[in-house]
file protein35.cif (mmCIF, C-alpha atoms)
data_entry
#
loop_
_atom_site.label_atom_id
_atom_site.label_comp_id
_atom_site.auth_asym_id
_atom_site.auth_seq_id
_atom_site.Cartn_x
_atom_site.Cartn_y
_atom_site.Cartn_z
CA MET J 1 -83.29 -10.67 42.70
CA GLY J 2 -83.03 -14.37 41.79
CA GLU J 3 -81.85 -13.43 38.30
CA ALA J 4 -79.03 -11.32 39.71
CA ASN J 5 -77.75 -14.25 41.79
CA LEU J 6 -77.85 -16.50 38.70
CA ALA J 7 -75.73 -14.00 36.79
CA VAL J 8 -73.16 -13.92 39.59
CA GLU J 9 -72.93 -17.73 39.73
CA THR J 10 -72.26 -18.11 35.99
CA ARG J 11 -69.83 -15.18 35.80
CA VAL J 12 -66.45 -16.17 34.45
CA THR J 13 -63.57 -15.39 36.76
CA ARG J 14 -59.97 -14.59 35.90
CA ALA J 15 -57.60 -17.53 35.75
CA LYS J 16 -55.61 -18.05 38.92
CA LYS J 17 -51.85 -18.45 38.74
CA GLY J 18 -52.01 -22.23 39.33
CA ASP J 19 -54.74 -22.64 36.71
CA LEU J 20 -52.34 -21.65 33.93
CA ASP J 21 -50.17 -24.74 34.31
CA ALA J 22 -53.15 -27.00 34.92
CA GLY J 23 -55.01 -25.50 31.94
CA VAL J 24 -52.05 -25.89 29.60
CA GLU J 25 -51.53 -29.48 30.82
CA ARG J 26 -55.22 -30.22 30.18
CA CYS J 27 -54.90 -28.84 26.64
CA ILE J 28 -51.75 -30.89 26.04
CA ALA J 29 -53.50 -34.02 27.30
CA LEU J 30 -56.46 -33.49 24.96
CA MET J 31 -54.22 -32.62 21.99
CA THR J 32 -51.86 -35.57 22.38
CA ALA J 33 -54.79 -37.93 22.84
CA GLY J 34 -56.24 -36.68 19.55
CA SER J 35 -59.35 -35.42 21.35
CA TRP J 36 -58.85 -31.69 20.76
CA GLU J 37 -61.53 -30.08 18.61
CA ALA J 38 -61.26 -26.35 17.98
CA GLY J 39 -64.20 -24.50 19.49
CA ALA J 40 -65.77 -27.43 21.32
CA SER J 41 -62.64 -28.18 23.34
CA HIS J 42 -62.16 -24.48 24.09
CA LYS J 43 -65.65 -24.36 25.62
CA LEU J 44 -65.15 -27.63 27.50
CA VAL J 45 -61.87 -26.54 29.11
CA ALA J 46 -63.28 -23.05 29.79
CA GLU J 47 -66.20 -24.60 31.71
CA GLU J 48 -63.90 -27.03 33.52
CA PHE J 49 -61.68 -24.21 34.83
CA SER J 50 -64.37 -21.49 34.98
CA VAL J 51 -62.44 -19.21 32.65
CA SER J 52 -63.26 -17.55 29.34
CA PRO J 53 -62.76 -19.35 26.03
CA ARG J 54 -60.27 -16.58 25.17
CA THR J 55 -58.09 -17.69 28.10
CA VAL J 56 -58.28 -21.26 26.82
CA GLU J 57 -57.14 -20.03 23.38
CA THR J 58 -53.98 -18.73 25.06
CA TRP J 59 -53.49 -22.01 26.90
CA ALA J 60 -54.05 -23.97 23.68
CA SER J 61 -51.48 -21.83 21.87
CA VAL J 62 -48.89 -22.48 24.61
CA ALA J 63 -49.74 -26.20 24.62
CA SER J 64 -49.33 -26.39 20.85
CA LYS J 65 -45.91 -24.73 21.03
CA ILE J 66 -44.79 -27.13 23.77
CA ILE J 67 -45.89 -30.14 21.72
CA ARG J 68 -44.12 -28.86 18.59
CA ARG J 69 -40.91 -28.26 20.54
CA ALA J 70 -41.08 -31.72 22.11
CA MET J 71 -41.71 -33.47 18.81
CA GLY J 72 -39.56 -31.35 16.50
CA ASP J 73 -40.11 -31.26 12.80
CA GLU J 74 -39.02 -34.07 10.50
CA GLU J 75 -35.94 -32.26 9.22
CA GLN J 76 -34.83 -31.38 12.76
CA ILE J 77 -35.21 -35.00 13.86
CA ARG J 78 -33.26 -36.20 10.80
CA THR J 79 -30.48 -33.71 11.57
CA GLU J 80 -30.29 -34.80 15.22
CA MET J 81 -30.17 -38.47 14.21
CA ALA J 82 -27.39 -37.79 11.69
CA ALA J 83 -25.38 -35.89 14.30
CA SER J 84 -25.81 -38.71 16.81
CA LEU J 85 -24.67 -41.28 14.28
CA GLU J 86 -21.64 -39.12 13.44
CA ALA J 87 -20.76 -39.05 17.15
CA MET J 88 -21.16 -42.86 17.34
CA LYS J 89 -18.83 -43.29 14.37
CA ARG J 90 -16.23 -41.03 15.99
CA LEU J 91 -16.47 -42.94 19.29
CA ALA J 92 -16.08 -46.26 17.49
CA LEU J 93 -13.00 -45.04 15.61
CA ASP J 94 -11.45 -43.43 18.69
CA ARG J 95 -11.84 -46.58 20.77
CA GLN J 96 -8.72 -47.67 22.59
CA ALA J 97 -7.58 -50.83 24.30
CA ALA J 98 -4.99 -51.37 27.00
CA THR J 99 -2.09 -53.75 27.22
CA MET J 100 -1.53 -55.85 30.35
CA ALA J 101 0.87 -53.09 31.47
CA GLY J 102 -1.92 -50.52 31.14
CA GLU J 103 -0.57 -48.77 28.04
CA LEU J 104 -3.28 -47.56 25.68
CA TYR J 105 -3.20 -48.23 21.96
CA PRO J 106 -5.70 -47.50 19.16
CA ASN J 107 -8.28 -50.24 18.71
CA PRO J 108 -11.00 -48.81 16.45
CA ASP J 109 -14.31 -50.65 16.18
CA VAL J 110 -14.49 -50.49 12.40
CA LYS J 111 -17.60 -52.67 12.20
CA ALA J 112 -19.57 -50.28 14.46
CA ALA J 113 -18.21 -47.26 12.57
CA VAL J 114 -19.24 -48.71 9.21
CA ALA J 115 -22.71 -49.50 10.57
CA ALA J 116 -23.05 -45.91 11.86
CA VAL J 117 -21.95 -44.50 8.49
CA ALA J 118 -24.39 -46.75 6.61
CA THR J 119 -27.27 -45.84 8.91
CA ARG J 120 -26.43 -42.14 8.68
CA ALA J 121 -26.44 -42.35 4.89
CA LYS J 122 -29.91 -43.94 5.00
CA VAL J 123 -31.20 -41.29 7.44
CA LEU J 124 -29.94 -38.52 5.16
CA GLY J 125 -31.42 -40.24 2.10
CA LEU J 126 -28.04 -40.64 0.40
CA VAL J 127 -28.48 -44.27 -0.54
CA ASP J 128 -31.19 -46.18 -2.27
CA ARG J 129 -33.14 -48.11 0.35
CA LYS J 130 -33.61 -51.02 -2.02
CA GLU J 131 -31.00 -53.74 -1.79
CA PRO J 132 -29.18 -54.26 -5.09
CA GLU J 133 -29.70 -57.55 -6.83
CA ARG J 134 -26.88 -59.96 -6.13
CA PRO J 135 -26.05 -63.03 -8.14
CA THR J 136 -26.96 -66.12 -6.17
CA ALA J 137 -24.51 -68.45 -7.84
CA LEU J 138 -21.76 -68.51 -10.42
CA PRO J 139 -22.83 -69.61 -13.87
CA ALA J 140 -22.63 -73.38 -14.19
CA ASP J 141 -20.75 -73.28 -17.48
CA MET J 142 -17.66 -71.57 -15.97
CA SER J 143 -14.41 -73.47 -15.98
CA PRO J 144 -12.43 -73.69 -12.73
CA GLU J 145 -9.90 -71.18 -14.13
CA GLN J 146 -12.69 -68.71 -14.98
CA MET J 147 -14.17 -69.10 -11.50
CA LEU J 148 -10.80 -68.41 -9.86
CA ALA J 149 -10.26 -65.36 -12.09
CA TYR J 150 -13.76 -64.09 -11.25
CA LEU J 151 -13.23 -64.59 -7.51
CA ASP J 152 -9.77 -62.94 -7.65
CA GLU J 153 -11.35 -59.94 -9.37
CA ARG J 154 -14.10 -59.72 -6.72
CA ILE J 155 -11.56 -59.99 -3.88
CA ALA J 156 -9.44 -57.22 -5.45
CA LYS J 157 -12.51 -54.95 -5.73
CA LEU J 158 -13.55 -55.60 -2.13
CA THR J 159 -10.02 -54.97 -0.90
CA ALA J 160 -9.92 -51.67 -2.81
CA TYR J 161 -13.30 -50.65 -1.30
CA ARG J 162 -12.06 -51.50 2.18
CA THR J 163 -8.91 -49.46 1.67
CA GLN J 164 -10.94 -46.47 0.42
CA LEU J 165 -13.30 -46.74 3.36
CA LEU J 166 -10.47 -46.87 5.88
CA GLU J 167 -8.82 -43.84 4.26
CA ARG J 168 -12.08 -41.85 4.34
CA MET J 169 -12.67 -42.70 7.98
CA GLY J 170 -9.10 -41.81 8.93
CA VAL J 171 -8.33 -45.17 10.51
CA VAL J 172 -4.71 -45.32 11.58
CA GLN J 173 -4.52 -49.04 12.20
CA ALA J 174 -5.33 -50.96 9.00
CA LEU J 175 -7.02 -54.32 9.00
CA PRO J 176 -4.89 -57.30 8.01
CA ALA J 177 -4.92 -58.13 4.33
CA PRO J 178 -6.85 -61.24 3.32
CA ALA J 179 -4.90 -64.50 3.25
CA ASP J 180 -3.41 -65.50 -0.06
CA THR J 181 -6.03 -67.41 -2.02
CA GLU J 182 -3.60 -69.50 -4.07
#

call {"tool": "encode", "arguments": {"input": "protein35.cif", "output": "structure tokens"}}
result
Amino acid sequence: MGEANLAVETRVTRAKKGDLDAGVERCIALMTAGSWEAGASHKLVAEEFSVSPRTVETWASVASKIIRRAMGDEEQIRTEMAASLEAMKRLALDRQAATMAGELYPNPDVKAAVAAVATRAKVLGLVDRKEPERPTALPADMSPEQMLAYLDERIAKLTAYRTQLLERMGVVQALPAPADTE
């Protein structure tokens, strides 16, 4: 008769409705802490909740799906970041200001838009992450006329890049041209 009572005490019961959430949460806690070990953790959680290891397998499967959804895969995260940066660029370009009379006029934040575009390009892997080598100084053997010609050429290139960038971004209000260098 004592053996029959022992069998009744160790009998596994069906999971109660509230145990499902608690069991899944326990599995999530073990998994996110890096403590989950297949087999051993199934038995541990099964004993803790007095359910079968098969029930814990179901809980573990649900917990794993929840964690994957919460984390997302790398490509999904990259896509979401790129979309957020695109929205930031649009907000920066659509920015408006108001006159003292309360009339709105376009006042794009080009600096923020350019930063969002640059960051988005990095997120999408479109640019080399290494900074290009830049000359630290002009060669010492340049004459003053050669230096001015070199600087005029660099200013013209930068102005052309700025114009292209503004056209691509659809900026209505252009930035003022640089002051005359002569």

call {"tool": "resolve_selection", "arguments": {"input": "protein35.cif", "expression": "the PyMOL selection byres ((chain J and resi 42) around 12)", "output": "ChimeraX atom specification"}}
result
/J:23-24,26-27,30-31,35-41,43-61

call {"tool": "closest_residue", "arguments": {"input": "protein35.cif", "among": "J:Leu124, J:Met100, J:Ala92, J:Ala118", "to": "Thr79 in chain J", "atoms": "all atoms listed in the file"}}
result
J:Leu124

call {"tool": "atom_distance", "arguments": {"input": "protein35.cif", "atom1": "CA of Ala149 in chain J", "atom2": "CA of Gln164 in chain J"}}
result
22.7 Å

call {"tool": "closest_residue", "arguments": {"input": "protein35.cif", "among": "J:Val123, J:Leu91, J:Asp109, J:Val62", "to": "Glu75 in chain J", "atoms": "only C-alpha atoms"}}
result
J:Val123

call {"tool": "closest_residue", "arguments": {"input": "protein35.cif", "among": "J:Asp94, J:Asp141, J:Glu80, J:Asp21", "to": "Ala63 in chain J", "atoms": "all atoms listed in the file"}}
result
J:Asp21

call {"tool": "atom_distance", "arguments": {"input": "protein35.cif", "atom1": "CA of Ile155 in chain J", "atom2": "CA of Val127 in chain J"}}
result
23.3 Å

call {"tool": "closest_residue", "arguments": {"input": "protein35.cif", "among": "J:Arg78, J:Ala156, J:Leu93, J:Leu165", "to": "Pro106 in chain J", "atoms": "only C-alpha atoms"}}
result
J:Leu93

call {"tool": "atom_distance", "arguments": {"input": "protein35.cif", "atom1": "CA of Lys111 in chain J", "atom2": "CA of Arg162 in chain J"}}
result
11.5 Å
